>>> print(open('final.cif').read())   # mmCIF, C-alpha atoms
data_input
#
loop_
_atom_site.group_PDB
_atom_site.id
_atom_site.type_symbol
_atom_site.label_atom_id
_atom_site.label_comp_id
_atom_site.auth_asym_id
_atom_site.auth_seq_id
_atom_site.Cartn_x
_atom_site.Cartn_y
_atom_site.Cartn_z
ATOM 1 C CA ALA A 26 -15.939 30.837 33.219
ATOM 2 C CA VAL A 27 -13.528 28.024 32.383
ATOM 3 C CA THR A 28 -11.781 27.241 29.107
ATOM 4 C CA GLY A 29 -14.362 26.043 26.576
ATOM 5 C CA ALA A 30 -17.287 27.967 28.032
ATOM 6 C CA SER A 31 -19.521 30.099 25.814
ATOM 7 C CA VAL A 32 -19.874 33.727 26.894
ATOM 8 C CA ARG A 33 -21.591 36.866 25.665
ATOM 9 C CA VAL A 34 -19.583 40.040 26.280
ATOM 10 C CA ARG A 35 -20.597 43.670 25.800
ATOM 11 C CA GLY A 36 -17.995 46.379 25.997
ATOM 12 C CA GLU A 37 -15.654 48.670 24.111
ATOM 13 C CA VAL A 38 -12.786 47.844 21.772
ATOM 14 C CA VAL A 39 -9.831 49.958 22.947
ATOM 15 C CA ALA A 40 -6.104 50.216 22.319
ATOM 16 C CA SER A 41 -4.207 47.558 24.245
ATOM 17 C CA PRO A 42 -1.234 48.262 26.486
ATOM 18 C CA GLY A 43 -0.054 44.708 25.787
ATOM 19 C CA ARG A 44 1.442 43.079 22.707
ATOM 20 C CA GLN A 45 -1.787 42.992 20.665
ATOM 21 C CA GLU A 46 -3.115 46.150 19.023
ATOM 22 C CA THR A 47 -6.601 46.153 20.593
ATOM 23 C CA GLU A 48 -8.536 44.519 23.391
ATOM 24 C CA LEU A 49 -12.114 44.368 24.611
ATOM 25 C CA ARG A 50 -12.868 46.350 27.764
ATOM 26 C CA ALA A 51 -15.791 44.360 29.124
ATOM 27 C CA LEU A 52 -18.786 46.107 30.647
ATOM 28 C CA GLU A 53 -21.059 43.067 30.873
ATOM 29 C CA VAL A 54 -20.188 39.360 30.800
ATOM 30 C CA GLU A 55 -22.798 36.610 30.587
ATOM 31 C CA VAL A 56 -21.959 32.892 30.687
ATOM 32 C CA VAL A 57 -24.180 31.318 28.036
ATOM 33 C CA GLY A 58 -22.928 27.749 28.440
ATOM 34 C CA THR A 59 -20.303 26.151 30.630
ATOM 35 C CA VAL A 60 -18.259 22.949 30.459
ATOM 36 C CA ASP A 61 -16.770 20.466 32.879
ATOM 37 C CA ALA A 62 -13.184 21.637 33.275
ATOM 38 C CA GLY A 63 -12.181 18.137 34.348
ATOM 39 C CA THR A 64 -13.240 16.514 31.079
ATOM 40 C CA TYR A 65 -12.860 19.306 28.493
ATOM 41 C CA PRO A 66 -9.942 18.104 26.320
ATOM 42 C CA LEU A 67 -8.532 21.451 25.145
ATOM 43 C CA ALA A 68 -6.411 23.036 27.854
ATOM 44 C CA LYS A 69 -4.997 26.583 27.602
ATOM 45 C CA LYS A 70 -1.789 25.415 25.965
ATOM 46 C CA GLY A 71 -0.478 24.391 22.576
ATOM 47 C CA HIS A 72 -1.704 21.103 21.114
ATOM 48 C CA THR A 73 -0.219 19.008 18.338
ATOM 49 C CA LEU A 74 -2.117 18.614 15.070
ATOM 50 C CA GLU A 75 -2.113 14.857 15.676
ATOM 51 C CA PHE A 76 -3.949 15.350 18.961
ATOM 52 C CA LEU A 77 -6.460 17.744 17.396
ATOM 53 C CA ARG A 78 -7.442 15.035 14.886
ATOM 54 C CA GLU A 79 -8.739 13.050 17.857
ATOM 55 C CA VAL A 80 -11.091 15.901 18.868
ATOM 56 C CA ALA A 81 -12.214 17.031 15.415
ATOM 57 C CA HIS A 82 -15.421 18.585 16.779
ATOM 58 C CA LEU A 83 -13.382 21.024 18.881
ATOM 59 C CA ARG A 84 -10.383 21.824 16.699
ATOM 60 C CA PRO A 85 -12.124 24.711 14.843
ATOM 61 C CA ARG A 86 -11.811 26.577 18.166
ATOM 62 C CA THR A 87 -8.016 26.579 17.946
ATOM 63 C CA ASN A 88 -5.986 29.449 16.515
ATOM 64 C CA THR A 89 -4.315 27.201 13.950
ATOM 65 C CA VAL A 90 -7.450 25.705 12.416
ATOM 66 C CA GLY A 91 -9.192 29.070 12.528
ATOM 67 C CA ALA A 92 -6.336 30.709 10.620
ATOM 68 C CA VAL A 93 -6.165 27.891 8.053
ATOM 69 C CA MET A 94 -9.908 28.008 7.432
ATOM 70 C CA ARG A 95 -9.930 31.794 6.940
ATOM 71 C CA VAL A 96 -7.079 31.520 4.420
ATOM 72 C CA ARG A 97 -8.796 28.622 2.673
ATOM 73 C CA ASN A 98 -12.073 30.538 2.547
ATOM 74 C CA ARG A 99 -10.336 33.499 0.924
ATOM 75 C CA LEU A 100 -8.581 31.291 -1.624
ATOM 76 C CA ALA A 101 -11.827 29.509 -2.553
ATOM 77 C CA PHE A 102 -13.601 32.835 -3.051
ATOM 78 C CA ALA A 103 -10.654 34.142 -5.078
ATOM 79 C CA THR A 104 -10.724 31.053 -7.279
ATOM 80 C CA HIS A 105 -14.339 31.591 -8.263
ATOM 81 C CA ALA A 106 -13.861 35.350 -8.673
ATOM 82 C CA PHE A 107 -10.847 34.915 -10.956
ATOM 83 C CA PHE A 108 -12.370 32.381 -13.309
ATOM 84 C CA GLN A 109 -15.755 34.096 -13.405
ATOM 85 C CA ASP A 110 -14.096 37.409 -14.252
ATOM 86 C CA HIS A 111 -12.183 35.673 -17.060
ATOM 87 C CA GLY A 112 -15.320 34.270 -18.669
ATOM 88 C CA PHE A 113 -15.108 30.681 -17.426
ATOM 89 C CA LEU A 114 -18.187 28.588 -16.629
ATOM 90 C CA TYR A 115 -18.217 26.678 -13.316
ATOM 91 C CA VAL A 116 -19.044 23.009 -13.911
ATOM 92 C CA HIS A 117 -19.860 20.381 -11.288
ATOM 93 C CA THR A 118 -18.399 17.020 -12.297
ATOM 94 C CA PRO A 119 -19.413 13.670 -10.760
ATOM 95 C CA ILE A 120 -17.937 12.571 -7.447
ATOM 96 C CA VAL A 121 -19.007 8.946 -7.908
ATOM 97 C CA THR A 122 -17.824 7.705 -11.301
ATOM 98 C CA ALA A 123 -16.660 4.711 -13.316
ATOM 99 C CA ASN A 124 -14.057 6.958 -14.937
ATOM 100 C CA ASP A 125 -10.403 6.287 -14.055
ATOM 101 C CA CYS A 126 -9.353 9.584 -15.712
ATOM 102 C CA GLU A 127 -6.257 8.338 -17.523
ATOM 103 C CA GLY A 128 -5.039 6.335 -14.550
ATOM 104 C CA ALA A 129 -4.413 9.435 -12.433
ATOM 105 C CA GLY A 130 -4.169 7.488 -9.177
ATOM 106 C CA GLU A 131 -5.396 4.590 -7.083
ATOM 107 C CA MET A 132 -9.157 4.878 -6.532
ATOM 108 C CA PHE A 133 -11.509 4.316 -3.605
ATOM 109 C CA GLN A 134 -14.207 1.886 -4.703
ATOM 110 C CA VAL A 135 -17.867 2.630 -3.933
ATOM 111 C CA THR A 136 -20.270 -0.253 -3.433
ATOM 112 C CA THR A 137 -23.700 -0.928 -1.964
ATOM 113 C CA HIS A 138 -22.695 -4.473 -1.035
ATOM 114 C CA ALA A 139 -22.767 -5.102 2.708
ATOM 115 C CA LEU A 140 -19.100 -5.964 2.974
ATOM 116 C CA ALA A 141 -18.991 -5.844 6.765
ATOM 117 C CA GLU A 142 -21.797 -8.402 6.913
ATOM 118 C CA GLY A 143 -20.048 -10.775 4.523
ATOM 119 C CA LYS A 144 -22.891 -10.681 1.997
ATOM 120 C CA VAL A 145 -20.826 -9.911 -1.100
ATOM 121 C CA ALA A 146 -20.314 -12.725 -3.550
ATOM 122 C CA ALA A 147 -16.735 -13.728 -4.309
ATOM 123 C CA PRO A 148 -15.268 -12.867 -6.691
ATOM 124 C CA TYR A 149 -16.744 -9.353 -6.874
ATOM 125 C CA SER A 150 -18.746 -8.508 -10.009
ATOM 126 C CA GLY A 151 -19.707 -4.934 -10.806
ATOM 127 C CA LYS A 152 -22.755 -6.239 -12.692
ATOM 128 C CA ASP A 153 -24.371 -7.044 -9.341
ATOM 129 C CA ASP A 154 -23.650 -3.622 -7.855
ATOM 130 C CA PHE A 155 -25.755 -0.431 -7.767
ATOM 131 C CA PHE A 156 -24.719 0.964 -11.160
ATOM 132 C CA GLY A 157 -24.295 -2.370 -12.901
ATOM 133 C CA LYS A 158 -20.555 -1.735 -13.050
ATOM 134 C CA ALA A 159 -17.736 -0.918 -10.658
ATOM 135 C CA ALA A 160 -17.849 2.679 -9.341
ATOM 136 C CA TYR A 161 -15.265 4.823 -7.574
ATOM 137 C CA LEU A 162 -14.676 8.180 -5.912
ATOM 138 C CA THR A 163 -13.306 10.513 -8.572
ATOM 139 C CA VAL A 164 -9.595 11.239 -8.887
ATOM 140 C CA SER A 165 -10.192 14.134 -11.311
ATOM 141 C CA GLY A 166 -12.949 16.023 -13.108
ATOM 142 C CA GLN A 167 -10.728 16.542 -16.143
ATOM 143 C CA LEU A 168 -12.428 14.306 -18.683
ATOM 144 C CA ASN A 169 -15.898 15.617 -17.845
ATOM 145 C CA GLY A 170 -14.475 19.124 -18.032
ATOM 146 C CA GLU A 171 -13.189 18.460 -21.520
ATOM 147 C CA PHE A 172 -16.671 17.416 -22.646
ATOM 148 C CA TYR A 173 -18.112 20.704 -21.417
ATOM 149 C CA ALA A 174 -15.286 22.798 -22.862
ATOM 150 C CA CYS A 175 -15.902 21.311 -26.303
ATOM 151 C CA ALA A 176 -19.565 22.304 -26.036
ATOM 152 C CA MET A 177 -19.607 25.503 -23.975
ATOM 153 C CA GLY A 178 -16.171 27.108 -24.203
ATOM 154 C CA SER A 179 -13.779 27.648 -21.297
ATOM 155 C CA ILE A 180 -14.863 25.988 -18.048
ATOM 156 C CA TYR A 181 -13.385 25.147 -14.672
ATOM 157 C CA THR A 182 -14.106 22.504 -12.065
ATOM 158 C CA PHE A 183 -13.445 22.982 -8.362
ATOM 159 C CA GLY A 184 -14.425 20.157 -6.062
ATOM 160 C CA PRO A 185 -13.324 17.189 -3.968
ATOM 161 C CA THR A 186 -11.093 14.491 -5.410
ATOM 162 C CA PHE A 187 -9.791 11.321 -3.803
ATOM 163 C CA ARG A 188 -6.627 9.207 -4.027
ATOM 164 C CA ALA A 189 -6.174 5.795 -2.435
ATOM 165 C CA GLU A 190 -2.370 5.437 -2.586
ATOM 166 C CA GLN A 191 -1.001 3.771 0.529
ATOM 167 C CA SER A 192 1.466 6.570 1.230
ATOM 168 C CA HIS A 193 0.992 8.179 4.628
ATOM 169 C CA THR A 194 3.162 11.271 4.274
ATOM 170 C CA LYS A 195 2.578 15.021 4.465
ATOM 171 C CA ARG A 196 2.759 15.149 0.665
ATOM 172 C CA HIS A 197 -0.075 12.689 0.032
ATOM 173 C CA LEU A 198 -3.750 13.361 0.742
ATOM 174 C CA ALA A 199 -6.621 10.901 0.568
ATOM 175 C CA GLU A 200 -9.061 13.771 -0.072
ATOM 176 C CA PHE A 201 -8.463 17.271 -1.414
ATOM 177 C CA TRP A 202 -10.152 19.944 -3.533
ATOM 178 C CA MET A 203 -8.714 20.400 -7.007
ATOM 179 C CA ILE A 204 -9.061 23.263 -9.504
ATOM 180 C CA GLU A 205 -9.089 22.132 -13.130
ATOM 181 C CA PRO A 206 -9.658 24.725 -15.872
ATOM 182 C CA GLU A 207 -10.216 23.666 -19.464
ATOM 183 C CA ILE A 208 -9.472 26.465 -21.931
ATOM 184 C CA ALA A 209 -11.149 26.445 -25.332
ATOM 185 C CA PHE A 210 -8.999 27.279 -28.391
ATOM 186 C CA ALA A 211 -5.744 27.782 -26.481
ATOM 187 C CA ASP A 212 -2.131 26.685 -26.738
ATOM 188 C CA LEU A 213 0.515 25.961 -24.109
ATOM 189 C CA ARG A 214 1.475 29.627 -23.768
ATOM 190 C CA ASP A 215 -2.165 30.539 -23.062
ATOM 191 C CA ASP A 216 -2.252 27.806 -20.446
ATOM 192 C CA MET A 217 0.936 29.081 -18.784
ATOM 193 C CA ASN A 218 -0.269 32.681 -18.774
ATOM 194 C CA LEU A 219 -3.583 31.692 -17.199
ATOM 195 C CA ALA A 220 -1.892 29.651 -14.475
ATOM 196 C CA GLU A 221 0.502 32.493 -13.653
ATOM 197 C CA ALA A 222 -2.285 35.095 -13.548
ATOM 198 C CA PHE A 223 -4.427 32.854 -11.349
ATOM 199 C CA LEU A 224 -1.664 32.240 -8.818
ATOM 200 C CA LYS A 225 -0.752 35.930 -8.643
ATOM 201 C CA TYR A 226 -4.401 36.833 -8.083
ATOM 202 C CA CYS A 227 -4.778 34.306 -5.265
ATOM 203 C CA PHE A 228 -1.530 35.388 -3.598
ATOM 204 C CA ARG A 229 -2.578 39.035 -3.732
ATOM 205 C CA CYS A 230 -5.998 38.300 -2.237
ATOM 206 C CA VAL A 231 -4.509 36.359 0.682
ATOM 207 C CA LEU A 232 -1.762 38.917 1.325
ATOM 208 C CA ASP A 233 -4.296 41.754 1.301
ATOM 209 C CA ASP A 234 -6.983 40.089 3.432
ATOM 210 C CA CYS A 235 -5.297 37.445 5.613
ATOM 211 C CA GLY A 236 -2.140 39.173 6.829
ATOM 212 C CA GLU A 237 -2.657 38.376 10.503
ATOM 213 C CA ASP A 238 -3.407 34.718 9.816
ATOM 214 C CA LEU A 239 -0.349 34.360 7.567
ATOM 215 C CA ALA A 240 1.858 35.972 10.202
ATOM 216 C CA PHE A 241 0.521 33.602 12.853
ATOM 217 C CA LEU A 242 1.012 30.496 10.699
ATOM 218 C CA SER A 243 4.508 31.622 9.725
ATOM 219 C CA LYS A 244 5.453 32.209 13.347
ATOM 220 C CA MET A 245 4.101 28.866 14.532
ATOM 221 C CA TYR A 246 5.008 26.573 11.651
ATOM 222 C CA ASP A 247 7.822 27.977 9.505
ATOM 223 C CA PRO A 248 10.939 25.995 10.524
ATOM 224 C CA GLU A 249 13.085 29.084 11.061
ATOM 225 C CA ASP A 250 10.429 30.896 13.127
ATOM 226 C CA ALA A 251 8.549 28.123 14.944
ATOM 227 C CA PRO A 252 8.931 28.053 18.736
#
>>> encode(input="final.cif", output="structure tokens")
Amino acid sequence: AVTGASVRVRGEVVASPGRQETELRALEVEVVGTVDAGTYPLAKKGHTLEFLREVAHLRPRTNTVGAVMRVRNRLAFATHAFFQDHGFLYVHTPIVTANDCEGAGEMFQVTTHALAEGKVAAPYSGKDDFFGKAAYLTVSGQLNGEFYACAMGSIYTFGPTFRAEQSHTKRHLAEFWMIEPEIAFADLRDDMNLAEAFLKYCFRCVLDDCGEDLAFLSKMYDPEDAP
């Protein structure tokens, strides 16, 4: 089988004489699906993250994306576990909104107007759009979270947020998931203590459960260790 093929293997997991701790001693190998080696874009070598963005349907097969997704999965689970154990209610806030949330950032506008077909009247008027007003992808669930906290006690939101700043750097994301707790009847010290406890809990969960993935990412991407 060539790189990219799908196989079904039956065998025994045994101690490895090589660098890894274990290996699979195959007793039966079945090729479930094959690929054209001449056109399959992922060769058995390292690939840059920029290249992997061009083959997004295949990048989950790489060691890097696999490690990142396992760490992210553990952090997401830890987030819910922490806040649920501390008596917080999980609230889903709107993704499409007219709320600018205190001017937190530039916003992506959402419209049903057929812009590509040139059918939008100029100048644009939100009154003619789907909601009867201008609508955007949310930059934060904070204000909605505050409404719920005033009614239901401590809550947290955890969902996608969007920023439309024209800044194409590693420190700026157009889309990311944000955790926003709202604590009822609390002061700044309560807020600080919660944030510290949450971070410690997440770090402990990842260190306990994702050691191999962290070691791999450190080896490949930490400046002092990267090849």
>>> resolve_selection(input="final.cif", expression="the PyMOL selection byres ((chain A and resi 100) around 12)", output="ChimeraX atom specification")
/A:93-99,101-107,183,202,204,223-235
>>> residues_around(input="final.cif", residues="A:Leu242", least_positions_apart="2", cutoff="9 Å", atoms="only C-alpha atoms", output="list in words")
Thr89, Ala92, Val93, Glu237, Asp238, Leu239, Ala240, Lys244, Met245, Tyr246, Asp247 and Ala251 of chain A
>>> write_last_selection(input="final.cif", atoms="C-alpha atoms", output="CSV table (one decimal), in the coordinates of the input")
chain,number,residue,atom,x,y,z
A,89,THR,CA,-4.3,27.2,14.0
A,92,ALA,CA,-6.3,30.7,10.6
A,93,VAL,CA,-6.2,27.9,8.1
A,237,GLU,CA,-2.7,38.4,10.5
A,238,ASP,CA,-3.4,34.7,9.8
A,239,LEU,CA,-0.3,34.4,7.6
A,240,ALA,CA,1.9,36.0,10.2
A,244,LYS,CA,5.5,32.2,13.3
A,245,MET,CA,4.1,28.9,14.5
A,246,TYR,CA,5.0,26.6,11.7
A,247,ASP,CA,7.8,28.0,9.5
A,251,ALA,CA,8.5,28.1,14.9
>>> closest_residue(input="final.cif", among="A:Leu74, A:Val27, A:Glu37, A:His117", to="A:Ala62", atoms="only C-alpha atoms")
A:Val27
>>> residues_around(input="final.cif", residues="A:Arg84", least_positions_apart="4", cutoff="12 Å", atoms="only C-alpha atoms", output="PyMOL selection string")
chain A and resi 29+66-68+71-80+88-94
>>> closest_residue(input="final.cif", among="A:Val39, A:Phe172, A:Leu219, A:Thr28", to="A:Val60", atoms="all atoms listed in the file")
A:Thr28
>>> resolve_selection(input="final.cif", expression="the PyMOL selection byres ((chain A and resi 186) around 12)", output="PyMOL selection string")
chain A and resi 118-122+125-126+129-133+161-167+182-185+187-189+198-205
>>> atom_distance(input="final.cif", atom1="atom CA of A:Gly170", atom2="atom CA of A:Gly128")
16.3 Å
>>> atom_distance(input="final.cif", atom1="atom CA of A:Gly43", atom2="atom CA of A:Phe241")
17.1 Å
>>> residues_around(input="final.cif", residues="A:Arg50", least_positions_apart="5", cutoff="10 Å", atoms="all atoms listed in the file", output="ChimeraX atom specification")
/A:34-41
>>> atom_distance(input="final.cif", atom1="atom CA of A:Gln191", atom2="atom CA of A:Pro148")
23.1 Å
>>> closest_residue(input="final.cif", among="A:Arg33, A:Val116, A:Lys158, A:Ala220", to="A:Val135", atoms="only C-alpha atoms")
A:Lys158
>>> closest_residue(input="final.cif", among="A:Asp61, A:Asp215, A:Glu207, A:Glu48", to="A:Phe113", atoms="all atoms listed in the file")
A:Glu207
>>> build_atoms(input="final.cif", residues="stretch 186-213 of chain A", atoms="N, CA and C atoms", output="mmCIF file, in the frame of the given file")
data_model
loop_
_atom_site.group_PDB
_atom_site.id
_atom_site.type_symbol
_atom_site.label_atom_id
_atom_site.label_comp_id
_atom_site.auth_asym_id
_atom_site.auth_seq_id
_atom_site.Cartn_x
_atom_site.Cartn_y
_atom_site.Cartn_z
ATOM 1 N N THR A 186 -11.639 15.641 -4.709
ATOM 2 C CA THR A 186 -11.093 14.491 -5.410
ATOM 3 C C THR A 186 -10.414 13.584 -4.389
ATOM 4 N N PHE A 187 -10.225 12.332 -4.769
ATOM 5 C CA PHE A 187 -9.791 11.321 -3.803
ATOM 6 C C PHE A 187 -8.692 10.450 -4.411
ATOM 7 N N ARG A 188 -7.695 10.093 -3.596
ATOM 8 C CA ARG A 188 -6.627 9.207 -4.027
ATOM 9 C C ARG A 188 -6.400 8.137 -2.953
ATOM 10 N N ALA A 189 -6.261 6.911 -3.382
ATOM 11 C CA ALA A 189 -6.174 5.795 -2.435
ATOM 12 C C ALA A 189 -4.774 5.200 -2.351
ATOM 13 N N GLU A 190 -3.733 5.958 -2.736
ATOM 14 C CA GLU A 190 -2.370 5.437 -2.586
ATOM 15 C C GLU A 190 -2.059 5.186 -1.115
ATOM 16 N N GLN A 191 -1.410 4.076 -0.840
ATOM 17 C CA GLN A 191 -1.001 3.771 0.529
ATOM 18 C C GLN A 191 0.328 4.468 0.827
ATOM 19 N N SER A 192 0.267 5.770 0.947
ATOM 20 C CA SER A 192 1.466 6.570 1.230
ATOM 21 C C SER A 192 1.092 7.603 2.276
ATOM 22 N N HIS A 193 1.422 7.327 3.520
ATOM 23 C CA HIS A 193 0.992 8.179 4.628
ATOM 24 C C HIS A 193 2.077 9.207 4.955
ATOM 25 N N THR A 194 2.195 10.209 4.070
ATOM 26 C CA THR A 194 3.162 11.271 4.274
ATOM 27 C C THR A 194 2.444 12.614 4.196
ATOM 28 N N LYS A 195 3.154 13.681 4.531
ATOM 29 C CA LYS A 195 2.578 15.021 4.465
ATOM 30 C C LYS A 195 2.311 15.450 3.027
ATOM 31 N N ARG A 196 2.906 14.771 2.072
ATOM 32 C CA ARG A 196 2.759 15.149 0.665
ATOM 33 C C ARG A 196 1.643 14.380 -0.046
ATOM 34 N N HIS A 197 0.992 13.473 0.645
ATOM 35 C CA HIS A 197 -0.075 12.689 0.032
ATOM 36 C C HIS A 197 -1.366 12.876 0.828
ATOM 37 N N LEU A 198 -2.447 13.170 0.124
ATOM 38 C CA LEU A 198 -3.750 13.361 0.742
ATOM 39 C C LEU A 198 -4.735 12.353 0.178
ATOM 40 N N ALA A 199 -5.574 11.799 1.034
ATOM 41 C CA ALA A 199 -6.621 10.901 0.568
ATOM 42 C C ALA A 199 -7.783 11.686 -0.035
ATOM 43 N N GLU A 200 -7.979 12.919 0.435
ATOM 44 C CA GLU A 200 -9.061 13.771 -0.072
ATOM 45 C C GLU A 200 -8.559 15.206 -0.160
ATOM 46 N N PHE A 201 -8.832 15.871 -1.267
ATOM 47 C CA PHE A 201 -8.463 17.271 -1.414
ATOM 48 C C PHE A 201 -9.335 17.898 -2.499
ATOM 49 N N TRP A 202 -9.396 19.217 -2.507
ATOM 50 C CA TRP A 202 -10.152 19.944 -3.533
ATOM 51 C C TRP A 202 -9.192 20.375 -4.636
ATOM 52 N N MET A 203 -9.587 20.124 -5.876
ATOM 53 C CA MET A 203 -8.714 20.400 -7.007
ATOM 54 C C MET A 203 -9.394 21.359 -7.987
ATOM 55 N N ILE A 204 -8.602 22.285 -8.509
ATOM 56 C CA ILE A 204 -9.061 23.263 -9.504
ATOM 57 C C ILE A 204 -8.554 22.812 -10.866
ATOM 58 N N GLU A 205 -9.467 22.623 -11.812
ATOM 59 C CA GLU A 205 -9.089 22.132 -13.130
ATOM 60 C C GLU A 205 -9.774 22.970 -14.215
ATOM 61 N N PRO A 206 -9.090 23.966 -14.759
ATOM 62 C CA PRO A 206 -9.658 24.725 -15.872
ATOM 63 C C PRO A 206 -9.419 24.002 -17.193
ATOM 64 N N GLU A 207 -10.374 24.139 -18.086
ATOM 65 C CA GLU A 207 -10.216 23.666 -19.464
ATOM 66 C C GLU A 207 -10.448 24.872 -20.370
ATOM 67 N N ILE A 208 -9.421 25.249 -21.135
ATOM 68 C CA ILE A 208 -9.472 26.465 -21.931
ATOM 69 C C ILE A 208 -9.773 26.103 -23.383
ATOM 70 N N ALA A 209 -10.797 26.701 -23.942
ATOM 71 C CA ALA A 209 -11.149 26.445 -25.332
ATOM 72 C C ALA A 209 -10.254 27.250 -26.267
ATOM 73 N N PHE A 210 -9.795 26.614 -27.346
ATOM 74 C CA PHE A 210 -8.999 27.279 -28.391
ATOM 75 C C PHE A 210 -7.781 27.985 -27.786
ATOM 76 N N ALA A 211 -6.922 27.218 -27.141
ATOM 77 C CA ALA A 211 -5.744 27.782 -26.481
ATOM 78 C C ALA A 211 -4.542 26.887 -26.741
ATOM 79 N N ASP A 212 -3.357 27.465 -26.620
ATOM 80 C CA ASP A 212 -2.131 26.685 -26.738
ATOM 81 C C ASP A 212 -1.406 26.680 -25.393
ATOM 82 N N LEU A 213 -0.223 26.100 -25.366
ATOM 83 C CA LEU A 213 0.515 25.961 -24.109
ATOM 84 C C LEU A 213 0.832 27.311 -23.490
#
